[in-house]
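Source file: coords07.cif. Holds: mmCIF, C-alpha atoms and all ligand atoms.
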```cif
data_structure
loop_
_atom_site.label_atom_id
_atom_site.label_comp_id
_atom_site.auth_asym_id
_atom_site.auth_seq_id
_atom_site.Cartn_x
_atom_site.Cartn_y
_atom_site.Cartn_z
CA MET A 1 0.00 0.00 0.00
CA THR A 2 3.01 2.29 0.12
CA ASP A 3 2.47 3.42 -3.45
CA TYR A 4 -0.74 5.17 -2.31
CA ALA A 5 -2.39 4.28 -5.64
CA LYS A 6 -5.91 5.53 -4.85
CA THR A 7 -4.75 8.85 -3.41
CA ARG A 8 -2.27 9.40 -6.21
CA GLY A 9 -5.00 8.67 -8.75
CA LEU A 10 -7.24 11.36 -7.28
CA MET A 11 -4.41 13.91 -7.11
CA ALA A 12 -2.87 13.08 -10.51
CA ARG A 13 -4.02 16.29 -12.25
CA GLY A 14 -2.79 18.40 -9.34
CA ALA A 15 0.61 16.68 -9.19
CA GLU A 16 1.06 17.06 -12.94
CA PHE A 17 0.19 20.74 -12.70
CA LEU A 18 2.66 21.35 -9.86
CA GLY A 19 5.35 19.08 -11.30
CA SER A 20 5.58 17.34 -7.93
CA GLU A 21 5.11 13.75 -6.80
CA TYR A 22 2.19 14.56 -4.48
CA ALA A 23 -0.33 17.38 -4.88
CA ILE A 24 0.30 18.59 -1.35
CA MET A 25 1.33 22.22 -1.10
CA CYS A 26 2.83 23.83 1.95
CA GLY A 27 1.06 27.20 1.92
CA ALA A 28 3.31 30.22 2.10
CA MET A 29 3.82 31.39 5.69
CA SER A 30 5.57 34.72 6.17
CA TRP A 31 8.95 34.29 7.91
CA VAL A 32 8.44 30.49 8.07
CA SER A 33 8.30 29.58 4.38
CA GLU A 34 11.84 30.42 3.42
CA ARG A 35 14.59 28.46 1.66
CA ASN A 36 14.85 25.63 4.24
CA LEU A 37 11.21 24.64 4.60
CA VAL A 38 10.43 25.29 0.92
CA SER A 39 13.28 23.13 -0.39
CA ALA A 40 12.57 20.38 2.16
CA MET A 41 8.95 20.30 1.05
CA SER A 42 9.77 20.05 -2.65
CA ASN A 43 12.58 17.53 -2.04
CA ALA A 44 10.11 15.32 -0.11
CA GLY A 45 7.77 15.16 -3.11
CA GLY A 46 5.39 17.92 -2.04
CA PHE A 47 5.35 21.50 -3.25
CA GLY A 48 6.97 24.33 -1.29
CA VAL A 49 6.03 27.98 -1.72
CA ILE A 50 8.26 30.91 -0.72
CA ALA A 51 6.37 33.58 1.24
CA CYS A 52 7.48 36.88 -0.24
CA GLY A 53 5.39 38.88 2.25
CA ALA A 54 6.85 42.37 2.55
CA MET A 55 10.28 41.40 1.10
CA THR A 56 11.95 43.83 -1.30
CA PRO A 57 12.74 42.61 -4.85
CA ASP A 58 16.41 42.22 -3.83
CA LEU A 59 15.56 40.02 -0.85
CA LEU A 60 13.23 37.87 -2.96
CA ASP A 61 15.96 37.56 -5.58
CA THR A 62 18.34 36.15 -2.94
CA GLU A 63 15.71 33.85 -1.41
CA ILE A 64 14.84 32.25 -4.77
CA ALA A 65 18.52 31.81 -5.66
CA GLU A 66 19.28 30.22 -2.26
CA THR A 67 16.24 27.91 -2.49
CA ARG A 68 17.37 26.78 -5.95
CA LYS A 69 20.72 25.77 -4.43
CA LEU A 70 18.88 23.41 -2.05
CA THR A 71 16.47 21.75 -4.50
CA ASP A 72 16.21 21.01 -8.19
CA LYS A 73 12.47 20.33 -7.81
CA PRO A 74 9.80 22.90 -8.68
CA PHE A 75 8.61 25.34 -6.02
CA GLY A 76 6.37 28.40 -6.08
CA VAL A 77 6.51 32.01 -4.91
CA ASN A 78 3.59 33.65 -3.08
CA LEU A 79 3.21 37.37 -3.80
CA ILE A 80 0.82 39.64 -1.92
CA THR A 81 -1.23 41.61 -4.46
CA MET A 82 -1.10 44.86 -2.45
CA HIS A 83 2.72 44.89 -2.33
CA PRO A 84 3.73 48.31 -3.74
CA GLN A 85 6.46 46.68 -5.88
CA LEU A 86 4.38 43.77 -7.16
CA MET A 87 5.45 44.21 -10.79
CA GLU A 88 9.16 44.27 -9.84
CA LEU A 89 8.68 41.11 -7.77
CA ILE A 90 7.08 39.43 -10.80
CA GLU A 91 10.15 40.40 -12.84
CA VAL A 92 12.41 38.77 -10.21
CA CYS A 93 10.36 35.54 -10.47
CA GLY A 94 10.65 35.74 -14.26
CA LYS A 95 14.42 36.22 -14.12
CA HIS A 96 14.77 33.00 -12.11
CA GLY A 97 12.31 31.02 -14.24
CA VAL A 98 10.00 30.42 -11.26
CA THR A 99 7.36 27.99 -12.58
CA HIS A 100 4.41 28.86 -10.29
CA VAL A 101 3.36 32.20 -8.81
CA VAL A 102 0.63 32.31 -6.17
CA LEU A 103 -1.21 35.64 -5.96
CA ALA A 104 -2.65 36.16 -2.48
CA GLY A 105 -4.34 38.93 -0.52
CA GLY A 106 -6.90 40.29 -2.96
CA ILE A 107 -7.91 40.68 -6.59
CA PRO A 108 -4.78 40.69 -8.79
CA PRO A 109 -4.16 44.21 -10.13
CA LYS A 110 -4.43 44.85 -13.87
CA GLY A 111 -1.52 43.45 -15.85
CA SER A 112 -0.09 41.25 -13.06
CA VAL A 113 -1.50 37.92 -14.31
CA GLU A 114 -0.44 38.75 -17.87
CA ALA A 115 3.08 39.67 -16.71
CA ILE A 116 3.49 36.35 -14.87
CA LYS A 117 2.22 34.37 -17.83
CA GLY A 118 4.52 36.37 -20.10
CA HIS A 119 7.38 34.68 -18.26
CA GLY A 120 5.85 31.26 -18.94
CA ALA A 121 4.87 30.71 -15.28
CA LYS A 122 1.57 29.33 -14.03
CA VAL A 123 -0.68 31.51 -11.91
CA ILE A 124 -2.45 30.22 -8.80
CA VAL A 125 -5.20 32.44 -7.40
CA PHE A 126 -7.39 32.63 -4.28
CA ALA A 127 -11.06 33.56 -4.48
CA PRO A 128 -13.56 34.10 -1.66
CA THR A 129 -16.67 33.70 -3.87
CA LEU A 130 -17.61 31.41 -6.73
CA ALA A 131 -18.34 34.35 -9.04
CA LEU A 132 -14.88 35.81 -8.46
CA ALA A 133 -13.27 32.39 -8.88
CA LYS A 134 -14.92 31.97 -12.28
CA LYS A 135 -13.79 35.45 -13.31
CA LEU A 136 -10.17 34.85 -12.26
CA LEU A 137 -10.05 31.44 -13.95
CA ARG A 138 -11.47 33.01 -17.14
CA SER A 139 -8.91 35.78 -17.09
CA GLY A 140 -5.74 33.71 -16.81
CA GLY A 141 -5.69 31.93 -13.44
CA ASP A 142 -4.44 28.38 -14.02
CA ALA A 143 -5.51 26.95 -10.66
CA LEU A 144 -7.50 28.04 -7.64
CA VAL A 145 -7.01 27.63 -3.89
CA ILE A 146 -10.10 27.81 -1.71
CA GLU A 147 -9.20 28.51 1.90
CA GLY A 148 -11.63 28.20 4.77
CA MET A 149 -11.74 30.14 8.03
CA GLU A 150 -10.19 27.25 9.99
CA ALA A 151 -6.82 28.24 8.50
CA GLY A 152 -3.99 30.07 10.22
CA GLY A 153 -3.15 33.65 9.23
CA HIS A 154 -5.51 35.99 7.35
CA ILE A 155 -8.90 34.37 6.89
CA GLY A 156 -12.29 34.79 5.25
CA PRO A 157 -15.64 34.23 6.96
CA VAL A 158 -16.63 30.81 5.52
CA SER A 159 -15.53 27.34 6.62
CA THR A 160 -13.60 24.97 4.36
CA SER A 161 -16.38 22.37 4.35
CA VAL A 162 -18.91 24.90 3.01
CA LEU A 163 -16.50 26.41 0.46
CA ALA A 164 -15.72 22.90 -0.79
CA GLN A 165 -19.42 22.15 -1.32
CA GLU A 166 -19.95 25.45 -3.13
CA PHE A 167 -16.88 25.46 -5.35
CA LEU A 168 -15.92 21.86 -6.11
CA PRO A 169 -19.10 20.62 -7.85
CA ALA A 170 -19.19 23.81 -9.92
CA LEU A 171 -15.53 23.97 -10.93
CA SER A 172 -13.73 20.67 -10.55
CA GLU A 173 -14.58 19.22 -13.95
CA ASP A 174 -12.98 22.02 -15.94
CA HIS A 175 -10.57 23.55 -13.42
CA LEU A 176 -7.84 22.70 -10.95
CA VAL A 177 -8.95 23.42 -7.38
CA PHE A 178 -6.82 22.95 -4.25
CA VAL A 179 -8.44 22.97 -0.81
CA ALA A 180 -6.86 24.65 2.24
CA GLY A 181 -7.82 25.37 5.83
CA GLY A 182 -8.14 23.00 8.74
CA ILE A 183 -6.60 19.94 7.11
CA GLY A 184 -4.57 18.09 9.73
CA ARG A 185 -4.89 14.47 8.65
CA GLY A 186 -5.08 12.41 5.48
CA GLU A 187 -8.70 11.32 5.97
CA ALA A 188 -9.82 14.93 5.47
CA MET A 189 -7.54 15.24 2.46
CA ALA A 190 -9.13 12.09 0.97
CA GLY A 191 -12.60 13.57 1.47
CA TYR A 192 -11.82 16.75 -0.46
CA LEU A 193 -10.07 14.77 -3.22
CA GLU A 194 -13.18 12.61 -3.59
CA MET A 195 -15.28 15.76 -3.90
CA GLY A 196 -13.18 16.86 -6.87
CA ALA A 197 -10.19 18.73 -5.45
CA VAL A 198 -6.94 17.96 -7.27
CA GLY A 199 -4.81 18.62 -4.22
CA VAL A 200 -4.56 20.32 -0.85
CA GLN A 201 -2.64 23.11 0.83
CA LEU A 202 -1.59 22.93 4.48
CA GLY A 203 0.21 25.51 6.59
CA THR A 204 -0.22 24.85 10.31
CA ARG A 205 0.76 21.17 10.01
CA PHE A 206 4.10 22.08 8.39
CA ALA A 207 4.99 25.22 10.39
CA CYS A 208 6.79 23.20 13.08
CA ALA A 209 8.48 20.65 10.83
CA THR A 210 12.08 19.81 11.72
CA GLU A 211 13.25 21.81 8.71
CA SER A 212 11.23 24.91 9.70
CA ILE A 213 13.44 27.72 11.06
CA ALA A 214 10.67 28.86 13.44
CA HIS A 215 12.02 29.55 16.95
CA PRO A 216 11.85 26.54 19.35
CA ASP A 217 9.49 28.52 21.64
CA PHE A 218 7.15 29.20 18.69
CA LYS A 219 7.09 25.45 18.01
CA LYS A 220 6.50 24.62 21.70
CA ALA A 221 3.48 26.94 21.74
CA PHE A 222 2.04 24.99 18.79
CA PHE A 223 2.64 21.61 20.47
CA ARG A 224 0.84 22.76 23.62
CA ALA A 225 -2.14 24.36 21.87
CA ASN A 226 -5.59 22.95 21.17
CA ALA A 227 -7.97 23.81 18.34
CA ARG A 228 -9.90 26.23 20.57
CA ASP A 229 -6.77 28.27 21.30
CA ALA A 230 -6.47 29.32 17.63
CA VAL A 231 -8.89 32.25 17.60
CA ALA A 232 -9.83 34.83 14.99
CA SER A 233 -9.05 38.47 15.75
CA VAL A 234 -12.04 40.74 16.35
CA GLN A 235 -12.79 44.01 14.63
CA VAL A 236 -13.32 46.75 17.21
CA ASP A 237 -14.34 49.61 14.96
CA ALA A 238 -16.96 49.37 12.21
CA ARG A 239 -15.16 52.03 10.15
CA LEU A 240 -11.88 50.18 10.13
CA PRO A 241 -12.40 46.92 8.28
CA VAL A 242 -9.51 44.67 9.21
CA ILE A 243 -9.07 41.25 7.67
CA PRO A 244 -9.36 38.80 10.59
CA VAL A 245 -6.24 36.83 11.50
CA ARG A 246 -6.35 33.41 13.21
CA ALA A 247 -3.62 33.01 15.81
CA LEU A 248 -3.04 31.45 19.22
CA LYS A 249 -4.43 33.57 22.07
CA ASN A 250 -1.73 35.54 23.90
CA LYS A 251 -0.89 39.08 25.04
CA GLY A 252 -0.26 39.99 21.39
CA THR A 253 -3.91 39.23 20.57
CA GLU A 254 -4.98 41.83 23.13
CA GLU A 255 -2.40 44.31 21.91
CA PHE A 256 -3.89 44.03 18.46
CA THR A 257 -7.22 45.22 19.82
CA ALA A 258 -5.44 48.22 21.35
CA LYS A 259 -3.60 48.85 18.07
CA GLN A 260 -6.92 48.93 16.20
CA ARG A 261 -8.31 51.50 18.67
CA GLU A 262 -5.20 53.62 18.20
CA VAL A 263 -5.41 53.50 14.38
CA ALA A 264 -9.19 54.14 14.48
CA GLY A 265 -8.52 57.23 16.63
CA VAL A 266 -5.99 58.58 14.12
CA LEU A 267 -8.51 57.87 11.36
CA ASP A 268 -11.17 59.77 13.36
CA ARG A 269 -8.98 62.82 13.59
CA GLU A 270 -8.51 62.55 9.81
CA GLU A 271 -4.75 62.42 10.20
CA ILE A 272 -4.49 59.46 7.80
CA ALA A 273 -6.59 58.00 4.97
CA MET A 274 -8.31 54.59 5.14
CA ALA A 275 -5.76 52.88 2.85
CA GLU A 276 -2.92 54.07 5.08
CA ALA A 277 -4.80 52.91 8.18
CA GLN A 278 -5.21 49.43 6.72
CA LEU A 279 -1.57 49.33 5.69
CA GLN A 280 -0.57 50.19 9.28
CA ILE A 281 -2.61 47.21 10.49
CA GLU A 282 -0.91 44.90 7.98
CA HIS A 283 2.54 46.17 9.01
CA TYR A 284 1.61 45.49 12.60
CA TRP A 285 0.91 41.82 11.76
CA ALA A 286 4.13 41.38 9.76
CA GLY A 287 6.16 42.76 12.67
CA ALA A 288 4.29 40.75 15.29
CA LEU A 289 4.69 37.49 13.35
CA ARG A 290 8.41 38.12 12.98
CA ARG A 291 8.73 38.66 16.75
CA ALA A 292 7.15 35.25 17.40
CA VAL A 293 8.67 33.17 14.57
CA ILE A 294 12.20 34.57 14.56
CA ASP A 295 12.74 36.06 18.05
CA GLY A 296 10.62 33.49 19.88
CA ASP A 297 8.60 36.17 21.70
CA VAL A 298 5.50 34.03 22.16
CA GLU A 299 3.94 36.49 24.64
CA ASN A 300 3.82 39.64 22.55
CA GLY A 301 4.34 38.31 19.03
CA SER A 302 1.70 36.83 16.76
CA LEU A 303 1.40 33.03 16.82
CA MET A 304 -0.57 32.64 13.60
CA ALA A 305 -2.02 29.13 13.62
CA GLY A 306 -5.01 27.30 12.25
CA GLN A 307 -7.49 25.15 14.15
CA SER A 308 -5.58 22.02 13.12
CA VAL A 309 -2.88 23.13 15.58
CA GLY A 310 -4.22 20.58 18.08
CA MET A 311 -3.00 17.85 15.73
CA VAL A 312 0.56 19.20 15.75
CA LYS A 313 2.23 17.39 18.63
CA GLU A 314 5.96 17.24 17.88
CA GLU A 315 8.71 18.23 15.50
CA GLU A 316 8.68 15.89 12.52
CA PRO A 317 10.58 15.94 9.22
CA VAL A 318 8.48 17.18 6.30
CA ALA A 319 8.84 13.79 4.59
CA ASP A 320 7.25 12.05 7.60
CA ILE A 321 4.31 14.46 7.65
CA ILE A 322 3.70 13.87 3.93
CA ALA A 323 3.99 10.09 4.38
CA ALA A 324 1.49 10.19 7.26
CA LEU A 325 -1.01 12.24 5.25
CA MET A 326 -0.71 9.91 2.26
CA ALA A 327 -1.03 6.75 4.38
CA GLU A 328 -4.09 8.08 6.27
CA SER A 329 -5.72 9.11 3.00
CA GLU A 330 -4.98 5.79 1.34
CA ALA A 331 -6.34 3.80 4.30
CA ALA A 332 -9.52 5.89 4.29
CA LEU A 333 -10.07 5.42 0.57
CA THR A 334 -9.38 1.68 0.85
CA ARG A 335 -12.00 1.34 3.61
CA ARG A 336 -14.69 2.96 1.43
C1 LIG A 401 2.19 31.26 10.54
C2 LIG A 401 1.40 31.40 9.27
C3 LIG A 401 1.72 32.42 8.36
C4 LIG A 401 1.02 32.55 7.16
N1 LIG A 401 1.41 33.52 6.26
C5 LIG A 401 0.81 33.57 5.02
C6 LIG A 401 1.29 34.48 4.03
O1 LIG A 401 2.24 35.22 4.23
N2 LIG A 401 0.65 34.49 2.82
C7 LIG A 401 -0.40 33.64 2.54
O2 LIG A 401 -0.93 33.69 1.42
N3 LIG A 401 -0.87 32.78 3.48
C8 LIG A 401 -0.29 32.71 4.69
N4 LIG A 401 -0.71 31.77 5.62
C9 LIG A 401 -1.76 30.78 5.21
C10 LIG A 401 -1.10 29.48 4.66
O3 LIG A 401 -0.44 29.71 3.45
C11 LIG A 401 -2.12 28.35 4.41
O4 LIG A 401 -3.02 28.69 3.37
C12 LIG A 401 -2.93 28.01 5.64
O5 LIG A 401 -2.06 27.87 6.73
C13 LIG A 401 -3.70 26.71 5.41
O6 LIG A 401 -4.54 26.41 6.47
P1 LIG A 401 -4.07 25.58 7.77
O7 LIG A 401 -3.28 26.52 8.59
O8 LIG A 401 -5.36 25.21 8.40
O9 LIG A 401 -3.28 24.39 7.30
C14 LIG A 401 -0.05 31.65 6.86
C15 LIG A 401 -0.39 30.66 7.78
C16 LIG A 401 0.31 30.52 8.98
C17 LIG A 401 -0.07 29.41 9.94
#
```
Would you write the structure of this file as structure tokens?
Amino acid sequence: MTDYAKTRGLMARGAEFLGSEYAIMCGAMSWVSERNLVSAMSNAGGFGVIACGAMTPDLLDTEIAETRKLTDKPFGVNLITMHPQLMELIEVCGKHGVTHVVLAGGIPPKGSVEAIKGHGAKVIVFAPTLALAKKLLRSGGDALVIEGMEAGGHIGPVSTSVLAQEFLPALSEDHLVFVAGGIGRGEAMAGYLEMGAVGVQLGTRFACATESIAHPDFKKAFFRANARDAVASVQVDARLPVIPVRALKNKGTEEFTAKQREVAGVLDREEIAMAEAQLQIEHYWAGALRRAVIDGDVENGSLMAGQSVGMVKEEEPVADIIAALMAESEAALTRR
């Protein structure tokens, strides 16, 4: 049973698209998804994705080059659509012949999809509604990720199980759809594959892999946490729409509430515009995540984690996590 024939059969289109052995992506995680985790993921037969986050084009250039040194397998780069230098970042990906670019964080600005495709790369998009998904797939998106609110990091309002029921029957015949959010074991992966997904994306399950550079205290916090500890941030001011973030409860969660009040106050006094206010909130998250992942400040930093965190119990090599997911999926499909 170690060839995982049933699971591989269901994920064949996804694996072919990614150029990987298994259609299991490790979703980009700012500060965590860098050269080590990304190359380990691709070397183990999955698909790693560099999190560009707020990196400058020069930093991304270095990160791609260093990742290439560690793997000859394909990997992707995740770019945030609101990055002020998005087009330069796309050029950096083109220069390195990056094969897959994931556009996250909003509707891709005009010209960005075309620029990526101009370099011969495939474009992976996110969409919160079926109508938007159809539009993005019509206008150049090669594959879609649907991500439910169980996920770690920035989230939408709808659960993975509902998104899967809405999107998969409508899209899976003609399009490539990957499912993300709340997947901790292979049985769940098997379920989404049977519904028509061509693959899955996990973040939380891989964040504490042996190859992840996350600080040991960050990893310990994950091992101790249960599903109910991974809570979504709350919006305190109706005029300041902040995208909710799912993270482990700590002092940082409370500080975020205070930060929102502070930014809302500045907005009230008309000292800054709405776009600037939202950017300040996003910068806050990037800084807070860095404090937790890199510095190990698990009190004040942001411990972004999904509800599957309760299934993360110890440090394991990426290859073992992938093998476990495939074996659980295969056993589930065999029992059917
Ligand atoms: C610590 C952490 C940081 C993340 N950072 C990003 C990011 O920078 N860009 C992005 O598109 N998604 C980000 N995500 C979401 C993941 O790419 C992935 O879609 C998500 O973790 C999948 O759900 P799961 O956590 O339930 O496995 C992050 C998730 C975590 C846990």
Please build the interface table for chain A against ligand LIG 401 (chain A) with a cut-off of 8 Å, listing for each qualifying residue the nearest atom pair and the distance in Å to one decimal; count all atoms listed in the file, order rows by chain and increasing number, and write it as a tab-separated table.
```
residue	atom	partner	partner_atom	distance
A:Cys26	CA	A:LIG401	O3	6.9
A:Gly27	CA	A:LIG401	O3	3.3
A:Ala28	CA	A:LIG401	O3	4.0
A:Met29	CA	A:LIG401	N1	3.3
A:Ser30	CA	A:LIG401	O1	3.9
A:Trp31	CA	A:LIG401	C3	7.5
A:Val32	CA	A:LIG401	C1	6.8
A:Ala51	CA	A:LIG401	O1	5.4
A:Cys52	CA	A:LIG401	O1	7.1
A:Gly53	CA	A:LIG401	O1	5.2
A:Asn78	CA	A:LIG401	O2	6.4
A:Leu79	CA	A:LIG401	O2	7.6
A:Ile80	CA	A:LIG401	N2	7.0
A:Val102	CA	A:LIG401	O2	7.9
A:Leu103	CA	A:LIG401	O2	7.6
A:Ala104	CA	A:LIG401	O2	4.9
A:Gly105	CA	A:LIG401	O2	6.5
A:Glu147	CA	A:LIG401	O4	6.4
A:Gly148	CA	A:LIG401	O6	7.5
A:Glu150	CA	A:LIG401	O8	5.5
A:Ala151	CA	A:LIG401	O8	3.4
A:Gly152	CA	A:LIG401	O7	4.0
A:Gly153	CA	A:LIG401	C15	4.3
A:His154	CA	A:LIG401	N4	6.6
A:Ala180	CA	A:LIG401	C13	4.9
A:Gly181	CA	A:LIG401	O6	3.5
A:Gly182	CA	A:LIG401	O8	3.6
A:Ile183	CA	A:LIG401	O9	5.6
A:Gly184	CA	A:LIG401	O9	6.9
A:Gln201	CA	A:LIG401	C13	5.9
A:Leu202	CA	A:LIG401	O9	3.6
A:Gly203	CA	A:LIG401	O5	3.3
A:Thr204	CA	A:LIG401	O7	3.9
A:Arg205	CA	A:LIG401	O9	5.8
A:Phe206	CA	A:LIG401	O9	7.8
A:Ala207	CA	A:LIG401	C17	6.6
A:Ala247	CA	A:LIG401	C17	7.7
A:Leu289	CA	A:LIG401	C1	7.3
A:Val293	CA	A:LIG401	C1	7.9
A:Leu303	CA	A:LIG401	C1	6.6
A:Met304	CA	A:LIG401	C1	4.3
A:Ala305	CA	A:LIG401	C17	4.2
A:Gly306	CA	A:LIG401	O7	4.1
A:Gln307	CA	A:LIG401	O8	6.1
A:Ser308	CA	A:LIG401	O8	5.7
A:Val309	CA	A:LIG401	O7	7.8
```
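Residues surrounding Glu114 (chain A) within 12 Å are Met87, Ile90, Glu91, Val101, Pro108, Gly120, Ala121, Lys122, Val123, Leu136, Ser139, Gly140, Gly141 and Asp142 of chain A [all atoms listed in the file; sequence separation below 6 positions excluded].
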Selection file, C-alpha atoms, as a short mmCIF file (atom, residue, chain, number, x, y, z; two decimals), in the coordinates of the input:
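So the final result, stored in selection33.cif, reads:
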```
data_model
loop_
_atom_site.label_atom_id
_atom_site.label_comp_id
_atom_site.auth_asym_id
_atom_site.auth_seq_id
_atom_site.Cartn_x
_atom_site.Cartn_y
_atom_site.Cartn_z
CA MET A 87 5.45 44.21 -10.79
CA ILE A 90 7.08 39.43 -10.80
CA GLU A 91 10.15 40.40 -12.84
CA VAL A 101 3.36 32.20 -8.81
CA PRO A 108 -4.78 40.69 -8.79
CA GLY A 120 5.85 31.26 -18.94
CA ALA A 121 4.87 30.71 -15.28
CA LYS A 122 1.57 29.33 -14.03
CA VAL A 123 -0.68 31.51 -11.91
CA LEU A 136 -10.17 34.85 -12.26
CA SER A 139 -8.91 35.78 -17.09
CA GLY A 140 -5.74 33.71 -16.81
CA GLY A 141 -5.69 31.93 -13.44
CA ASP A 142 -4.44 28.38 -14.02
#
```
Quick one: distance from CA of Val231 (chain A) to CA of Thr253 (chain A) in Å, one decimal?
->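 Atom-to-atom, CA of Val231 (chain A) and CA of Thr253 (chain A) are spaced 9.1 Å apart.
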Residue neighbourhood Phe47 (chain A), 12 Å, only C-alpha atoms, exclusion window fewer than 6 positions, as an NGL selection string = :A and (14-28 or 33 or 37-41 or 71-77 or 99-100 or 199-203 or 206 or 318-319 or 322)
Keeping only C-alpha atoms, write those residues as a PDB file, keeping the file's coordinate frame.
```pdb
ATOM      1  CA  GLY A  14      -2.790  18.400  -9.340  1.00  0.00           C
ATOM      2  CA  ALA A  15       0.610  16.680  -9.190  1.00  0.00           C
ATOM      3  CA  GLU A  16       1.060  17.060 -12.940  1.00  0.00           C
ATOM      4  CA  PHE A  17       0.190  20.740 -12.700  1.00  0.00           C
ATOM      5  CA  LEU A  18       2.660  21.350  -9.860  1.00  0.00           C
ATOM      6  CA  GLY A  19       5.350  19.080 -11.300  1.00  0.00           C
ATOM      7  CA  SER A  20       5.580  17.340  -7.930  1.00  0.00           C
ATOM      8  CA  GLU A  21       5.110  13.750  -6.800  1.00  0.00           C
ATOM      9  CA  TYR A  22       2.190  14.560  -4.480  1.00  0.00           C
ATOM     10  CA  ALA A  23      -0.330  17.380  -4.880  1.00  0.00           C
ATOM     11  CA  ILE A  24       0.300  18.590  -1.350  1.00  0.00           C
ATOM     12  CA  MET A  25       1.330  22.220  -1.100  1.00  0.00           C
ATOM     13  CA  CYS A  26       2.830  23.830   1.950  1.00  0.00           C
ATOM     14  CA  GLY A  27       1.060  27.200   1.920  1.00  0.00           C
ATOM     15  CA  ALA A  28       3.310  30.220   2.100  1.00  0.00           C
ATOM     16  CA  SER A  33       8.300  29.580   4.380  1.00  0.00           C
ATOM     17  CA  LEU A  37      11.210  24.640   4.600  1.00  0.00           C
ATOM     18  CA  VAL A  38      10.430  25.290   0.920  1.00  0.00           C
ATOM     19  CA  SER A  39      13.280  23.130  -0.390  1.00  0.00           C
ATOM     20  CA  ALA A  40      12.570  20.380   2.160  1.00  0.00           C
ATOM     21  CA  MET A  41       8.950  20.300   1.050  1.00  0.00           C
ATOM     22  CA  THR A  71      16.470  21.750  -4.500  1.00  0.00           C
ATOM     23  CA  ASP A  72      16.210  21.010  -8.190  1.00  0.00           C
ATOM     24  CA  LYS A  73      12.470  20.330  -7.810  1.00  0.00           C
ATOM     25  CA  PRO A  74       9.800  22.900  -8.680  1.00  0.00           C
ATOM     26  CA  PHE A  75       8.610  25.340  -6.020  1.00  0.00           C
ATOM     27  CA  GLY A  76       6.370  28.400  -6.080  1.00  0.00           C
ATOM     28  CA  VAL A  77       6.510  32.010  -4.910  1.00  0.00           C
ATOM     29  CA  THR A  99       7.360  27.990 -12.580  1.00  0.00           C
ATOM     30  CA  HIS A 100       4.410  28.860 -10.290  1.00  0.00           C
ATOM     31  CA  GLY A 199      -4.810  18.620  -4.220  1.00  0.00           C
ATOM     32  CA  VAL A 200      -4.560  20.320  -0.850  1.00  0.00           C
ATOM     33  CA  GLN A 201      -2.640  23.110   0.830  1.00  0.00           C
ATOM     34  CA  LEU A 202      -1.590  22.930   4.480  1.00  0.00           C
ATOM     35  CA  GLY A 203       0.210  25.510   6.590  1.00  0.00           C
ATOM     36  CA  PHE A 206       4.100  22.080   8.390  1.00  0.00           C
ATOM     37  CA  VAL A 318       8.480  17.180   6.300  1.00  0.00           C
ATOM     38  CA  ALA A 319       8.840  13.790   4.590  1.00  0.00           C
ATOM     39  CA  ILE A 322       3.700  13.870   3.930  1.00  0.00           C
TER      40      ILE A 322
END
```
Can you tell me, as a tab-separated table (two decimals) with C-alpha atoms, keeping the file's coordinate frame, what residues are no more than 12 Å from Ala323 (chain A) when counting only C-alpha atoms, ignoring any on the same chain fewer than 4 positions away?
```
chain	number	residue	atom	x	y	z
A	1	MET	CA	0.00	0.00	0.00
A	2	THR	CA	3.01	2.29	0.12
A	3	ASP	CA	2.47	3.42	-3.45
A	4	TYR	CA	-0.74	5.17	-2.31
A	7	THR	CA	-4.75	8.85	-3.41
A	21	GLU	CA	5.11	13.75	-6.80
A	22	TYR	CA	2.19	14.56	-4.48
A	24	ILE	CA	0.30	18.59	-1.35
A	41	MET	CA	8.95	20.30	1.05
A	44	ALA	CA	10.11	15.32	-0.11
A	45	GLY	CA	7.77	15.16	-3.11
A	46	GLY	CA	5.39	17.92	-2.04
A	185	ARG	CA	-4.89	14.47	8.65
A	186	GLY	CA	-5.08	12.41	5.48
A	316	GLU	CA	8.68	15.89	12.52
A	317	PRO	CA	10.58	15.94	9.22
A	318	VAL	CA	8.48	17.18	6.30
A	319	ALA	CA	8.84	13.79	4.59
A	327	ALA	CA	-1.03	6.75	4.38
A	328	GLU	CA	-4.09	8.08	6.27
A	329	SER	CA	-5.72	9.11	3.00
A	330	GLU	CA	-4.98	5.79	1.34
```
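Put simply, CA of Ala190 (chain A) is 21.7 Å away from CA of Lys313 (chain A).
Restricting the calculation to all atoms listed in the file, the smallest distance between Tyr192 (chain A) and any of A:Ala292, A:Leu86, A:Leu333, A:Val92 is found for A:Leu333.
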What gap, in Å, lies between CA of Ile107 (chain A) and CA of Met82 (chain A)?
-> 9.0 Å
Which of these, A:Gln85, A:Ser212, A:Thr129, A:Gln278, has the shortest distance to Gly48 (chain A) once you count only C-alpha atoms?
->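 Selected residue with least distance to Gly48 (chain A): A:Ser212.
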With only C-alpha atoms as the basis for distance, which of A:Pro169, A:Gly296, A:Pro216, A:Gly196 is at the shortest distance from Ala12 (chain A)?
->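 Looking only at the distances to Ala12 (chain A), the closest residue turns out to be A:Gly196.
Residue nearest Val113 (chain A) within the list A:Arg138, A:Lys249, A:Lys95, A:Arg228: A:Arg138 [criterion: smallest interatomic distance, only C-alpha atoms].
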